[in-house]
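A.B. asks: Below you'll find coords32.cif; it's mmCIF, C-alpha atoms.
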```cif
data_query
#
loop_
_atom_site.label_atom_id
_atom_site.label_comp_id
_atom_site.auth_asym_id
_atom_site.auth_seq_id
_atom_site.Cartn_x
_atom_site.Cartn_y
_atom_site.Cartn_z
CA MET M 1 40.99 79.10 11.83
CA VAL M 2 42.12 79.59 15.44
CA PRO M 3 43.25 83.14 16.32
CA LYS M 4 46.49 83.80 18.11
CA ARG M 5 46.67 83.35 21.85
CA GLU M 6 47.60 86.99 22.45
CA VAL M 7 44.54 88.14 20.48
CA VAL M 8 42.22 85.89 22.48
CA GLN M 9 43.68 87.05 25.80
CA ALA M 10 43.34 90.71 24.83
CA PHE M 11 39.76 90.15 23.69
CA ALA M 12 38.87 88.41 26.97
CA HIS M 13 40.47 91.22 28.98
CA VAL M 14 38.56 93.95 27.11
CA CYS M 15 35.26 92.07 27.44
CA GLY M 16 35.79 91.44 31.15
CA LEU M 17 35.84 87.64 30.79
CA ASP M 18 37.81 85.13 32.82
CA VAL M 19 41.19 85.17 31.09
CA ASP M 20 42.26 81.81 32.55
CA GLU M 21 39.07 80.07 31.41
CA ILE M 22 39.30 81.61 27.92
CA ASP M 23 42.96 80.62 27.76
CA GLN M 24 42.09 77.00 28.57
CA LEU M 25 39.37 76.97 25.91
CA TRP M 26 41.85 78.37 23.41
CA PHE M 27 44.34 75.58 24.19
CA GLU M 28 41.67 72.91 23.61
CA ALA M 29 40.65 74.48 20.29
CA PHE M 30 44.24 74.94 19.18
CA ARG M 31 45.24 71.34 19.91
CA GLY M 32 42.18 69.98 18.11
CA ARG M 33 42.76 71.84 14.86
CA PRO M 34 44.23 70.07 11.77
CA ARG M 35 48.00 70.47 11.61
CA GLY M 36 48.96 69.31 8.11
CA ARG M 37 50.95 66.18 7.34
CA HIS M 38 51.93 65.62 11.01
CA ALA M 39 48.38 65.95 12.33
CA GLY M 40 47.71 63.50 15.13
CA ALA M 41 51.41 62.59 15.51
CA GLN M 42 52.30 63.47 19.12
CA GLY M 43 55.98 63.84 19.93
CA PRO M 44 57.53 61.86 22.79
CA LEU M 45 58.38 63.29 26.17
CA PRO M 46 61.92 64.71 26.48
CA ARG M 47 63.05 61.86 28.76
CA LEU M 48 61.97 59.32 26.08
CA VAL M 49 63.86 60.91 23.20
CA ARG M 50 66.41 58.51 21.63
CA ASP M 51 67.45 60.06 18.34
CA PHE M 52 67.09 63.22 16.30
CA PRO M 53 63.73 62.28 14.68
CA ASP M 54 62.30 61.83 18.19
CA LEU M 55 63.78 65.15 19.26
CA SER M 56 62.35 66.90 16.20
CA ALA M 57 58.86 65.55 16.92
CA ALA M 58 59.15 66.51 20.59
CA LEU M 59 60.18 70.09 19.74
CA GLU M 60 57.29 70.44 17.32
CA ASN M 61 54.91 69.22 20.01
CA LEU M 62 56.45 71.69 22.49
CA HIS M 63 55.89 74.56 20.06
CA GLN M 64 52.23 73.58 19.70
CA THR M 65 51.75 73.08 23.44
CA CYS M 66 53.18 76.54 24.19
CA GLY M 67 50.54 78.11 21.97
CA ALA M 68 52.49 78.17 18.70
CA PRO M 69 53.98 81.64 19.22
CA SER M 70 54.89 83.53 16.08
CA TYR M 71 58.43 83.23 14.86
CA ARG M 72 58.99 86.94 15.37
CA THR M 73 57.90 86.54 19.00
CA MET M 74 60.26 83.59 19.43
CA GLU M 75 63.15 85.63 18.03
CA THR M 76 62.37 88.48 20.45
CA ARG M 77 62.14 86.16 23.45
CA ALA M 78 65.46 84.49 22.61
CA ARG M 79 67.18 87.86 22.26
CA LYS M 80 65.85 88.98 25.66
CA ALA M 81 67.31 85.79 27.17
CA GLY M 82 70.72 86.67 25.73
CA LEU M 83 70.53 84.09 22.92
CA GLU M 84 70.42 84.39 19.12
CA MET M 85 67.95 82.64 16.83
CA SER M 86 66.54 83.86 13.53
CA ARG M 87 62.89 83.59 12.54
CA SER M 88 63.73 81.21 9.71
CA THR M 89 65.55 78.85 12.09
CA ALA M 90 62.60 78.87 14.47
CA ALA M 91 60.24 78.12 11.58
CA ARG M 92 62.30 75.16 10.29
CA ILE M 93 62.67 73.60 13.75
CA SER M 94 58.94 74.02 14.43
CA VAL M 95 57.96 71.98 11.36
CA ARG M 96 60.65 69.24 11.62
CA ARG M 97 62.81 70.57 8.82
CA GLN M 98 65.87 71.27 10.94
CA ILE M 99 67.51 69.90 14.08
CA PRO M 100 69.15 72.30 16.55
CA GLY M 101 72.83 72.12 15.67
CA SER M 102 74.07 73.03 19.14
CA VAL M 103 72.97 73.34 22.74
CA ALA M 104 72.86 77.13 22.36
CA CYS M 105 70.45 76.82 19.41
CA LEU M 106 68.29 74.41 21.40
CA GLU M 107 68.13 76.74 24.41
CA ALA M 108 67.25 79.66 22.14
CA PHE M 109 64.33 77.69 20.73
CA LEU M 110 63.17 76.72 24.23
CA ALA M 111 63.36 80.36 25.34
CA GLY M 112 61.43 81.37 22.23
CA CYS M 113 58.66 78.95 23.15
CA GLY M 114 58.47 80.59 26.59
CA LEU M 115 59.91 77.66 28.54
CA PRO M 116 61.53 78.74 31.85
CA PRO M 117 65.30 78.14 32.23
CA ARG M 118 64.81 75.59 35.01
CA SER M 119 63.10 73.27 32.47
CA HIS M 120 65.93 73.41 29.92
CA SER M 121 68.09 70.68 31.47
CA VAL M 122 65.82 67.78 30.51
CA TRP M 123 65.82 69.01 26.91
CA VAL M 124 69.59 69.41 26.85
CA GLU M 125 69.95 65.80 28.07
CA ALA M 126 67.61 64.68 25.28
CA TRP M 127 69.72 66.53 22.71
CA LEU M 128 72.92 64.92 24.03
CA ARG M 129 71.38 61.43 23.79
CA ALA M 130 70.26 62.10 20.22
CA ARG M 131 73.74 63.39 19.31
CA GLN M 132 75.38 60.32 20.84
CA HIS M 133 73.04 58.05 18.87
CA ALA M 134 73.80 59.91 15.63
CA ASP M 135 77.56 59.66 16.24
CA GLY M 136 77.24 55.90 16.81
CA VAL M 137 75.26 55.45 13.60
CA ARG M 138 77.81 57.54 11.72
CA ARG M 139 80.73 55.46 12.99
CA GLU M 140 78.98 52.24 11.99
CA THR M 141 78.20 53.67 8.57
CA LEU M 142 81.83 54.67 8.06
CA ARG M 143 83.00 51.19 9.03
CA GLU M 144 80.62 49.54 6.55
CA SER M 145 81.59 52.10 3.91
CA LYS M 146 85.27 51.26 4.35
CA GLN M 147 84.56 47.57 3.95
CA LEU M 148 82.56 48.29 0.80
CA GLU M 149 85.35 50.43 -0.61
CA THR M 150 87.84 47.58 -0.30
CA VAL M 151 85.48 45.43 -2.40
CA VAL M 152 85.17 47.86 -5.31
CA ALA M 153 88.65 49.43 -5.00
CA ASP M 154 91.07 49.18 -7.91
CA GLY M 155 94.06 50.87 -6.25
CA ALA M 156 97.00 49.26 -4.46
CA ARG M 157 96.01 50.69 -1.06
CA GLY M 158 92.41 49.50 -1.20
CA GLU M 159 91.04 52.85 -2.41
CA VAL M 160 88.89 53.78 -5.40
CA SER M 161 90.77 55.73 -8.05
CA GLN M 162 89.48 58.77 -9.93
CA ASP M 163 88.81 56.79 -13.13
CA MET M 164 86.92 54.03 -11.31
CA ALA M 165 84.85 56.59 -9.39
CA VAL M 166 83.87 58.36 -12.61
CA ARG M 167 82.89 55.06 -14.24
CA LEU M 168 80.73 54.10 -11.28
CA LEU M 169 79.16 57.54 -11.33
CA ARG M 170 78.34 57.41 -15.03
CA LYS M 171 76.85 53.96 -14.64
CA ALA M 172 74.35 55.56 -12.24
CA ASP M 173 73.56 58.29 -14.83
CA PHE M 174 75.56 61.05 -13.13
CA ASP M 175 78.41 63.27 -14.34
CA ALA M 176 81.04 64.66 -11.98
CA LEU M 177 81.26 68.44 -11.60
CA GLU M 178 84.32 68.33 -9.34
CA ARG M 179 87.24 66.04 -8.65
CA TYR M 180 86.64 62.88 -6.65
CA ARG M 181 87.96 63.13 -3.06
CA SER M 182 87.03 60.01 -1.09
CA PHE M 183 84.55 57.14 -1.01
CA ASP M 184 82.34 58.69 1.68
CA ALA M 185 82.82 62.42 0.96
CA PRO M 186 80.01 64.49 -0.60
CA TRP M 187 80.50 64.86 -4.35
CA THR M 188 78.87 67.49 -6.56
CA VAL M 189 77.40 65.74 -9.61
CA GLU M 190 74.95 66.40 -12.41
CA CYS M 191 72.10 64.12 -13.51
CA VAL M 192 72.54 63.20 -17.18
CA ARG M 193 68.75 62.92 -17.66
CA CYS M 194 67.52 66.26 -16.35
CA ALA M 195 70.80 68.20 -15.77
CA ALA M 196 69.95 68.73 -12.08
CA THR M 197 72.86 69.41 -9.71
CA LEU M 198 73.02 67.46 -6.47
CA ARG M 199 75.44 66.18 -3.83
CA VAL M 200 75.96 62.42 -3.46
CA ARG M 201 78.45 60.05 -1.88
CA LEU M 202 80.10 57.36 -3.96
CA SER M 203 79.18 54.83 -1.27
CA ASP M 204 75.50 55.68 -1.83
CA VAL M 205 76.00 55.42 -5.58
CA VAL M 206 77.46 51.92 -5.25
CA LEU M 207 74.58 50.88 -2.97
CA GLN M 208 72.08 52.42 -5.45
CA ARG M 209 70.79 54.82 -2.82
CA ALA M 210 71.67 57.97 -4.76
CA THR M 211 68.74 59.03 -6.93
CA CYS M 212 67.76 62.25 -8.67
CA ARG M 213 64.64 63.79 -7.22
CA ASP M 214 63.95 65.90 -10.31
CA CYS M 215 63.54 63.06 -12.84
CA PRO M 216 60.13 61.81 -11.58
CA VAL M 217 59.04 65.44 -11.40
CA VAL M 218 59.75 65.89 -15.12
CA THR M 219 57.39 63.06 -16.11
CA GLU M 220 54.70 64.36 -13.79
CA ARG M 221 54.96 67.87 -15.20
CA VAL M 222 54.81 66.61 -18.77
CA HIS M 223 51.50 64.92 -17.91
CA GLN M 224 50.31 68.16 -16.30
CA ALA M 225 51.23 70.10 -19.44
CA TRP M 226 49.37 67.56 -21.60
CA ALA M 227 46.27 67.89 -19.41
CA ALA M 228 46.48 71.68 -19.72
CA LEU M 229 46.79 71.34 -23.51
CA LEU M 230 43.57 69.30 -23.66
CA LYS M 231 41.69 72.11 -21.90
CA ASN M 232 42.54 74.39 -24.86
CA PRO M 233 42.86 77.56 -22.73
CA SER M 234 43.76 79.79 -25.68
CA GLY M 235 40.99 78.41 -27.90
CA SER M 236 43.38 78.10 -30.84
CA LEU M 237 42.90 74.34 -31.36
CA ILE M 238 40.28 73.42 -33.92
CA PRO M 239 37.73 70.76 -32.84
CA HIS M 240 39.03 67.81 -34.84
CA VAL M 241 42.63 68.38 -33.66
CA LEU M 242 41.47 68.68 -30.05
CA HIS M 243 39.47 65.45 -30.42
CA ALA M 244 42.55 63.71 -31.84
CA LEU M 245 44.70 64.89 -28.94
CA GLN M 246 42.15 63.63 -26.44
CA ALA M 247 42.33 60.18 -28.03
CA CYS M 248 46.13 59.97 -27.63
CA THR M 249 48.13 58.70 -24.67
CA VAL M 250 51.47 60.00 -23.39
CA LEU M 251 53.54 56.86 -22.83
CA GLN M 252 56.79 58.27 -21.49
CA ALA M 253 58.86 61.43 -21.28
CA ARG M 254 62.64 61.67 -21.14
CA LEU M 255 64.65 64.82 -20.46
CA GLN M 256 68.36 64.40 -21.14
CA ARG M 257 70.42 67.54 -20.86
CA HIS M 258 68.31 70.04 -22.79
CA GLN M 259 66.59 67.45 -25.00
CA LEU M 260 63.00 66.53 -24.06
CA ASP M 261 61.46 63.50 -25.83
CA VAL M 262 57.74 62.80 -25.42
CA LEU M 263 56.43 59.47 -26.77
CA LEU M 264 52.80 59.65 -27.91
CA LEU M 265 50.57 56.66 -28.77
CA VAL M 266 47.82 57.28 -31.37
CA PRO M 267 44.93 54.80 -31.65
CA ASP M 268 44.06 55.00 -35.36
CA GLU M 269 45.18 56.40 -38.68
CA SER M 270 42.73 59.30 -38.73
CA THR M 271 44.08 60.51 -35.41
CA ALA M 272 47.63 60.36 -36.74
CA ALA M 273 46.59 62.35 -39.80
CA ALA M 274 44.97 65.01 -37.60
CA LEU M 275 48.14 65.36 -35.55
CA GLU M 276 50.08 66.36 -38.65
CA SER M 277 48.63 69.82 -38.11
CA SER M 278 51.16 72.13 -36.50
CA THR M 279 48.67 74.19 -34.45
CA TRP M 280 48.92 72.11 -31.27
CA GLN M 281 52.72 71.88 -31.08
CA PRO M 282 53.41 75.49 -29.98
CA GLU M 283 50.65 75.16 -27.39
CA LEU M 284 52.30 72.06 -25.89
CA HIS M 285 55.70 73.74 -25.93
CA ALA M 286 54.30 76.78 -24.08
CA ALA M 287 52.61 74.59 -21.45
CA LEU M 288 55.85 72.66 -20.90
CA ARG M 289 57.92 75.84 -20.65
CA ILE M 290 55.70 77.13 -17.83
CA ARG M 291 56.05 73.92 -15.81
CA LEU M 292 59.64 72.88 -16.46
CA ARG M 293 61.18 76.35 -16.08
CA ARG M 294 64.38 75.40 -17.91
CA PRO M 295 65.55 75.62 -21.52
CA PHE M 296 64.80 72.53 -23.59
CA HIS M 297 64.34 71.32 -27.16
CA LEU M 298 61.13 69.34 -27.67
CA ASP M 299 60.76 66.21 -29.80
CA VAL M 300 57.33 64.53 -29.96
CA LEU M 301 57.61 60.91 -31.12
CA ILE M 302 54.32 59.50 -32.45
CA LEU M 303 53.86 55.75 -32.06
CA ASP M 304 51.37 54.30 -34.56
CA GLY M 305 49.66 51.31 -32.98
CA TYR M 306 46.53 51.25 -35.14
CA ASP M 307 47.95 48.63 -37.53
CA THR M 308 47.55 46.03 -34.78
CA VAL M 309 43.94 46.84 -33.91
CA PRO M 310 42.22 44.25 -36.21
CA SER M 311 44.17 41.36 -34.66
CA PRO M 312 44.59 40.62 -30.94
CA LEU M 313 47.83 41.80 -29.34
CA ASP M 314 50.17 38.98 -28.46
CA SER M 315 52.71 39.40 -25.68
CA ARG M 316 55.58 40.15 -28.06
CA ARG M 317 53.70 42.92 -29.86
CA HIS M 318 52.44 44.31 -26.53
CA ARG M 319 55.99 44.65 -25.29
CA GLY M 320 56.92 46.33 -28.54
CA LEU M 321 54.23 48.99 -28.02
CA THR M 322 54.84 49.67 -24.36
CA GLN M 323 58.64 49.50 -24.66
CA PRO M 324 59.58 50.88 -28.08
CA ALA M 325 62.96 50.41 -29.64
CA PRO M 326 65.74 52.43 -28.01
CA GLY M 327 66.24 54.54 -31.10
CA ALA M 328 62.57 55.49 -31.15
CA ALA M 329 62.56 57.23 -27.79
CA GLN M 330 65.99 58.76 -27.42
CA GLY M 331 65.81 61.97 -29.38
CA ALA M 332 66.82 62.98 -32.88
CA LEU M 333 66.41 60.29 -35.50
CA GLY M 334 67.70 59.90 -39.03
CA THR M 335 65.88 61.74 -41.75
CA SER M 336 66.06 58.95 -44.27
CA PRO M 337 62.83 56.94 -44.67
CA PRO M 338 63.24 53.34 -43.51
CA ASP M 339 62.49 51.77 -46.85
CA GLU M 340 65.10 53.76 -48.81
CA PRO M 341 68.83 53.10 -49.14
CA PRO M 342 71.28 55.42 -47.33
CA ALA M 343 71.83 58.84 -48.82
CA ALA M 344 75.32 57.86 -50.01
CA HIS M 345 73.87 55.11 -52.26
CA ARG M 346 70.67 56.87 -53.25
CA PRO M 347 70.45 57.85 -56.96
CA ALA M 348 70.34 61.56 -57.62
CA GLN M 349 66.89 63.00 -58.34
CA GLU M 350 66.34 65.08 -61.41
CA THR M 351 64.78 68.48 -60.91
CA ALA M 352 62.78 70.55 -63.32
CA PRO M 353 64.20 73.90 -64.38
CA GLY M 354 63.62 76.54 -61.78
CA HIS M 355 62.76 74.02 -59.05
CA ALA M 356 65.14 72.96 -56.27
CA LEU M 357 65.03 69.79 -54.22
CA ALA M 358 63.23 70.08 -50.88
CA SER M 359 65.68 70.36 -48.03
CA GLU M 360 65.92 67.67 -45.44
CA PRO M 361 63.92 68.36 -42.25
CA ASN M 362 65.95 69.20 -39.15
CA ALA M 363 66.30 67.14 -36.00
CA GLY M 364 64.06 68.07 -33.06
CA GLU M 365 60.73 67.47 -34.76
CA VAL M 366 57.50 65.56 -34.35
CA GLN M 367 58.31 62.07 -35.57
CA ARG M 368 56.26 59.00 -36.33
CA VAL M 369 57.19 55.60 -34.95
CA LYS M 370 55.63 52.58 -36.61
CA ASN M 371 56.52 48.94 -36.08
CA GLY M 372 59.81 49.91 -34.47
CA GLN M 373 60.77 52.22 -37.36
CA CYS M 374 60.61 56.01 -37.47
CA ALA M 375 59.83 58.58 -40.13
CA GLU M 376 59.54 62.29 -39.53
CA VAL M 377 56.19 63.94 -40.10
CA ALA M 378 56.25 67.60 -39.19
CA ALA M 379 58.56 70.17 -37.63
CA VAL M 380 57.67 71.63 -34.24
CA SER M 381 57.45 75.05 -35.79
CA GLY M 382 55.10 73.69 -38.43
CA ALA M 383 57.49 74.41 -41.28
CA GLY M 384 58.51 70.82 -41.99
CA SER M 385 57.19 68.86 -44.93
CA THR M 386 55.23 65.61 -44.52
CA ASP M 387 55.64 64.46 -48.11
CA LYS M 388 57.55 61.22 -48.44
CA PRO M 389 60.21 61.33 -51.17
CA ASP M 390 59.76 59.13 -54.20
CA PRO M 391 61.40 55.71 -53.98
CA PRO M 392 64.38 55.07 -56.26
CA PRO M 393 63.63 53.54 -59.70
CA ALA M 394 63.69 49.75 -59.81
CA PRO M 395 66.69 48.27 -61.64
CA THR M 396 66.05 46.70 -65.04
CA ASN M 397 67.99 44.46 -67.40
CA SER M 398 67.30 46.57 -70.47
CA GLY M 399 70.21 48.93 -69.85
CA PRO M 400 70.08 52.73 -69.99
#
```
Rewrite the coordinates I just gave you, this time as structure tokens.
C.D. replies:
Amino acid sequence: MVPKREVVQAFAHVCGLDVDEIDQLWFEAFRGRPRGRHAGAQGPLPRLVRDFPDLSAALENLHQTCGAPSYRTMETRARKAGLEMSRSTAARISVRRQIPGSVACLEAFLAGCGLPPRSHSVWVEAWLRARQHADGVRRETLRESKQLETVVADGARGEVSQDMAVRLLRKADFDALERYRSFDAPWTVECVRCAATLRVRLSDVVLQRATCRDCPVVTERVHQAWAALLKNPSGSLIPHVLHALQACTVLQARLQRHQLDVLLLVPDESTAAALESSTWQPELHAALRIRLRRPFHLDVLILDGYDTVPSPLDSRRHRGLTQPAPGAAQGALGTSPPDEPPAAHRPAQETAPGHALASEPNAGEVQRVKNGQCAEVAAVSGAGSTDKPDPPPAPTNSGP
């Protein structure tokens, strides 16, 4: 860790050392230290700046060269020069997260770095070149966007209507949260997978450049929650259940609105039987709640692949395991077992006196997927029943 320049200068002054020599040594140490993701990336000189990315890199390099003054110090220096700049603005510009939006903001940053006013002109010229380049790119983008709009337009004047815009948006898995304005105007939408809110342009949607940044994060956090579950931090998982969980593989996770589906592959029948215990389900739900930080209803879909272990997997069966049927991975499934007729045609079951029929399990449960078919095994709360109802009596020719 390199101390601040002011601290080093004060220490050298108190100890009676050569302040200039100590200052030079501090600069060499400061420039040689690791600087995060942009370490080793030197910004161009101001006269070589062409666009805003070049300007951002050059301003970061200037901040480092001037001794990386604190953001509070930069704010104070800018105020003394008659300019206004907040500490947060100085911080974002210093790490390439923001471009100065005006010449006044640029000069405030330069004054905050301690650059004399006579050196500001070369930086102002660099900012003007970058702005001119950005305006040219924007005009070219608008021209291409207008040509694209005439291709997909359904209106008489070569414009996209509200209905067409909504259809294009839904095809890209987005829902509109406000009325459509124009082909290249920012549009507030919601991702249908994870319910994240973002701003997109319909032109980017048509070109497939509008993507939700939260969807990949959901899958990653589900894997993190599964890894945390296997560590058994609470110690509530019994050994054979923990061993069964370690033998399973999370194939995919899908969060749509507030419905989270996790597809789990089990290697053998004994593992599937161990997972019928309800002790691990609240633990997984708690780990997911910590990482997702949003309300959701969890469904764990268990894919039984152990029936194919004795024989080699052909390509068709391999695709069936890695890409299960759409109904197997998209949330709540029917409660009727696959081998039974629908409930409307199922014969009524007789009950003994004093005994009622078991109620049907609710949706949002741990479910078993086998050979492309699904049957529910246990509720997330552990209250569901795993007993399979008796099949209907076989028809006979002997009459009643």
A.B. asks: Would you list the contacts of Leu275 of chain M as an mmCIF file with C-alpha atoms, in the frame of the given file, taking every protein, DNA or RNA residue within 9 Å and counting all atoms listed in the file, but skipping same-chain residues closer than 5 positions in sequence?
C.D. replies:
```
data_model
loop_
_atom_site.group_PDB
_atom_site.id
_atom_site.type_symbol
_atom_site.label_atom_id
_atom_site.label_comp_id
_atom_site.auth_asym_id
_atom_site.auth_seq_id
_atom_site.Cartn_x
_atom_site.Cartn_y
_atom_site.Cartn_z
ATOM 1 C CA VAL M 241 42.630 68.380 -33.660
ATOM 2 C CA ALA M 244 42.550 63.710 -31.840
ATOM 3 C CA LEU M 245 44.700 64.890 -28.940
ATOM 4 C CA SER M 270 42.730 59.300 -38.730
ATOM 5 C CA TRP M 280 48.920 72.110 -31.270
#
```
A.B. asks: Fewer than 5 positions away in the same chain doesn't count, so skip those; otherwise give me all residues within 12 Å of Ala10 of chain M, counting all atoms listed in the file, as a PyMOL selection string.
C.D. replies: chain M and resi 3-5+15-20+22-23
A.B. asks: For the selection you just gave me, I'd like the residues written to a file as a PDB file, in the frame of the given file, keeping C-alpha atoms.
C.D. replies:
```
ATOM      1  CA  PRO M   3      43.250  83.140  16.320  1.00  0.00           C
ATOM      2  CA  LYS M   4      46.490  83.800  18.110  1.00  0.00           C
ATOM      3  CA  ARG M   5      46.670  83.350  21.850  1.00  0.00           C
ATOM      4  CA  CYS M  15      35.260  92.070  27.440  1.00  0.00           C
ATOM      5  CA  GLY M  16      35.790  91.440  31.150  1.00  0.00           C
ATOM      6  CA  LEU M  17      35.840  87.640  30.790  1.00  0.00           C
ATOM      7  CA  ASP M  18      37.810  85.130  32.820  1.00  0.00           C
ATOM      8  CA  VAL M  19      41.190  85.170  31.090  1.00  0.00           C
ATOM      9  CA  ASP M  20      42.260  81.810  32.550  1.00  0.00           C
ATOM     10  CA  ILE M  22      39.300  81.610  27.920  1.00  0.00           C
ATOM     11  CA  ASP M  23      42.960  80.620  27.760  1.00  0.00           C
TER      12      ASP M  23
END
```
A.B. asks: Go ahead and compute the interatomic distance for atom CA of Gly155 of chain M and atom CA of Asp175 of chain M, in Å to one decimal.
C.D. replies: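 Distance between the two atoms: 21.5 Å.
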A.B. asks: Check the smallest atom-to-atom distance from each of M:Leu260, M:Cys191, M:Val266, M:Ala126 to His243 of chain M using only C-alpha atoms, then report the winner.
C.D. replies: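 For His243 of chain M, the nearest of the given residues is M:Val266.
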A.B. asks: Given the file shown, determine the residues that the PyMOL selection byres ((chain M and resi 289) around 12) selects; report them as a list in words.
C.D. replies: Val218, Arg221, Val222, Gln224, Ala225, Trp226, Leu260, Pro282, Glu283, Leu284, His285, Ala286, Ala287, Leu288, Ile290, Arg291, Leu292, Arg293, Arg294, Pro295, Phe296, His297 and Leu298 of chain M
A.B. asks: Atom CA of Arg47 of chain M and atom CA of Ser119 of chain M, how far apart in Å?
C.D. replies: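 Computing it gives 12.0 Å between the two atoms.
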A.B. asks: Edge lengths and centre, in Å to one decimal, as AutoDock Vina command-line options: that's what I need for the box along x, y and z that holds all listed atoms of segment 78-94 of chain M plus 6 Å on each side.
C.D. replies:
```
--center_x 64.8 --center_y 81.3 --center_z 18.4 --size_x 23.8 --size_y 27.4 --size_z 29.5
```
A.B. asks: Please evaluate the PyMOL selection byres ((chain M and resi 214) around 12) against the displayed coordinates and give the resulting residues as a ChimeraX atom specification.
C.D. replies: /M:190-198,211-213,215-221,254-256,292
A.B. asks: Residues as selected, C-alpha atoms, written as a JSON list (two decimals), in the coordinates of the input, can you do that?
C.D. replies:
```json
[["chain", "number", "residue", "atom", "x", "y", "z"],
["M", 190, "GLU", "CA", 74.95, 66.40, -12.41],
["M", 191, "CYS", "CA", 72.10, 64.12, -13.51],
["M", 192, "VAL", "CA", 72.54, 63.20, -17.18],
["M", 193, "ARG", "CA", 68.75, 62.92, -17.66],
["M", 194, "CYS", "CA", 67.52, 66.26, -16.35],
["M", 195, "ALA", "CA", 70.80, 68.20, -15.77],
["M", 196, "ALA", "CA", 69.95, 68.73, -12.08],
["M", 197, "THR", "CA", 72.86, 69.41, -9.71],
["M", 198, "LEU", "CA", 73.02, 67.46, -6.47],
["M", 211, "THR", "CA", 68.74, 59.03, -6.93],
["M", 212, "CYS", "CA", 67.76, 62.25, -8.67],
["M", 213, "ARG", "CA", 64.64, 63.79, -7.22],
["M", 215, "CYS", "CA", 63.54, 63.06, -12.84],
["M", 216, "PRO", "CA", 60.13, 61.81, -11.58],
["M", 217, "VAL", "CA", 59.04, 65.44, -11.40],
["M", 218, "VAL", "CA", 59.75, 65.89, -15.12],
["M", 219, "THR", "CA", 57.39, 63.06, -16.11],
["M", 220, "GLU", "CA", 54.70, 64.36, -13.79],
["M", 221, "ARG", "CA", 54.96, 67.87, -15.20],
["M", 254, "ARG", "CA", 62.64, 61.67, -21.14],
["M", 255, "LEU", "CA", 64.65, 64.82, -20.46],
["M", 256, "GLN", "CA", 68.36, 64.40, -21.14],
["M", 292, "LEU", "CA", 59.64, 72.88, -16.46]]
```
A.B. asks: What do you get, as a PyMOL selection string, if you spell out every residue that the PyMOL selection byres ((chain M and resi 85) around 8) selects here?
C.D. replies: chain M and resi 75+78-79+83-84+86-87+89-90+105+108-109
A.B. asks: Write a file of the just-selected residues containing C-alpha atoms, as a short mmCIF file (atom, residue, chain, number, x, y, z; two decimals), in the frame of the given file.
C.D. replies:
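Result file selection.cif:
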```cif
data_model
loop_
_atom_site.label_atom_id
_atom_site.label_comp_id
_atom_site.auth_asym_id
_atom_site.auth_seq_id
_atom_site.Cartn_x
_atom_site.Cartn_y
_atom_site.Cartn_z
CA GLU M 75 63.15 85.63 18.03
CA ALA M 78 65.46 84.49 22.61
CA ARG M 79 67.18 87.86 22.26
CA LEU M 83 70.53 84.09 22.92
CA GLU M 84 70.42 84.39 19.12
CA SER M 86 66.54 83.86 13.53
CA ARG M 87 62.89 83.59 12.54
CA THR M 89 65.55 78.85 12.09
CA ALA M 90 62.60 78.87 14.47
CA CYS M 105 70.45 76.82 19.41
CA ALA M 108 67.25 79.66 22.14
CA PHE M 109 64.33 77.69 20.73
#
```
A.B. asks: To one decimal in Å, tell me the separation between atom CA of Gln259 of chain M and atom CA of Ala227 of chain M.
C.D. replies: 21.1 Å
A.B. asks: Check the smallest atom-to-atom distance from each of M:Ala58, M:Ala274, M:Leu207, M:Ala130 to Leu242 of chain M using all atoms listed in the file, then report the winner.
C.D. replies: M:Ala274
A.B. asks: Determine the nearest neighbour of Gly82 of chain M from the options M:Pro267, M:Gly136, M:Gly112, M:Pro46, counting all atoms listed in the file.
C.D. replies: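 So, comparing all the options, the nearest one is M:Gly112.
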A.B. asks: Calculated over all atoms listed in the file, which of the candidates M:Val250, M:Ala12, M:Glu6, M:Arg97 has the smallest distance to Pro69 of chain M?
C.D. replies: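 The closest residue to Pro69 of chain M is M:Glu6.
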A.B. asks: Identify which of the residues M:Ala153, M:Asp163, M:Phe174, M:Asp184 lies closest to Thr141 of chain M, counting all atoms listed in the file when measuring atom-to-atom distances.
C.D. replies: M:Asp184
A.B. asks: For Gln252 of chain M, list every protein, DNA or RNA residue within 8 Å, evaluated using only C-alpha atoms, and leave out those in the same chain fewer than 6 positions away; present the list as a PDB file with C-alpha atoms, in the frame of the given file.
C.D. replies:
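Generated file (part-v3.pdb):
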```pdb
ATOM      1  CA  THR M 219      57.390  63.060 -16.110  1.00  0.00           C
ATOM      2  CA  VAL M 262      57.740  62.800 -25.420  1.00  0.00           C
ATOM      3  CA  LEU M 263      56.430  59.470 -26.770  1.00  0.00           C
ATOM      4  CA  LEU M 264      52.800  59.650 -27.910  1.00  0.00           C
TER       5      LEU M 264
END
```
A.B. asks: With distances taken over all atoms listed in the file, which residue among M:Gln281, M:Trp127, M:Arg50, M:Arg139 lies nearest Ser236 of chain M?
C.D. replies: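 Answer, going by the shortest atom-to-atom distance: M:Gln281.
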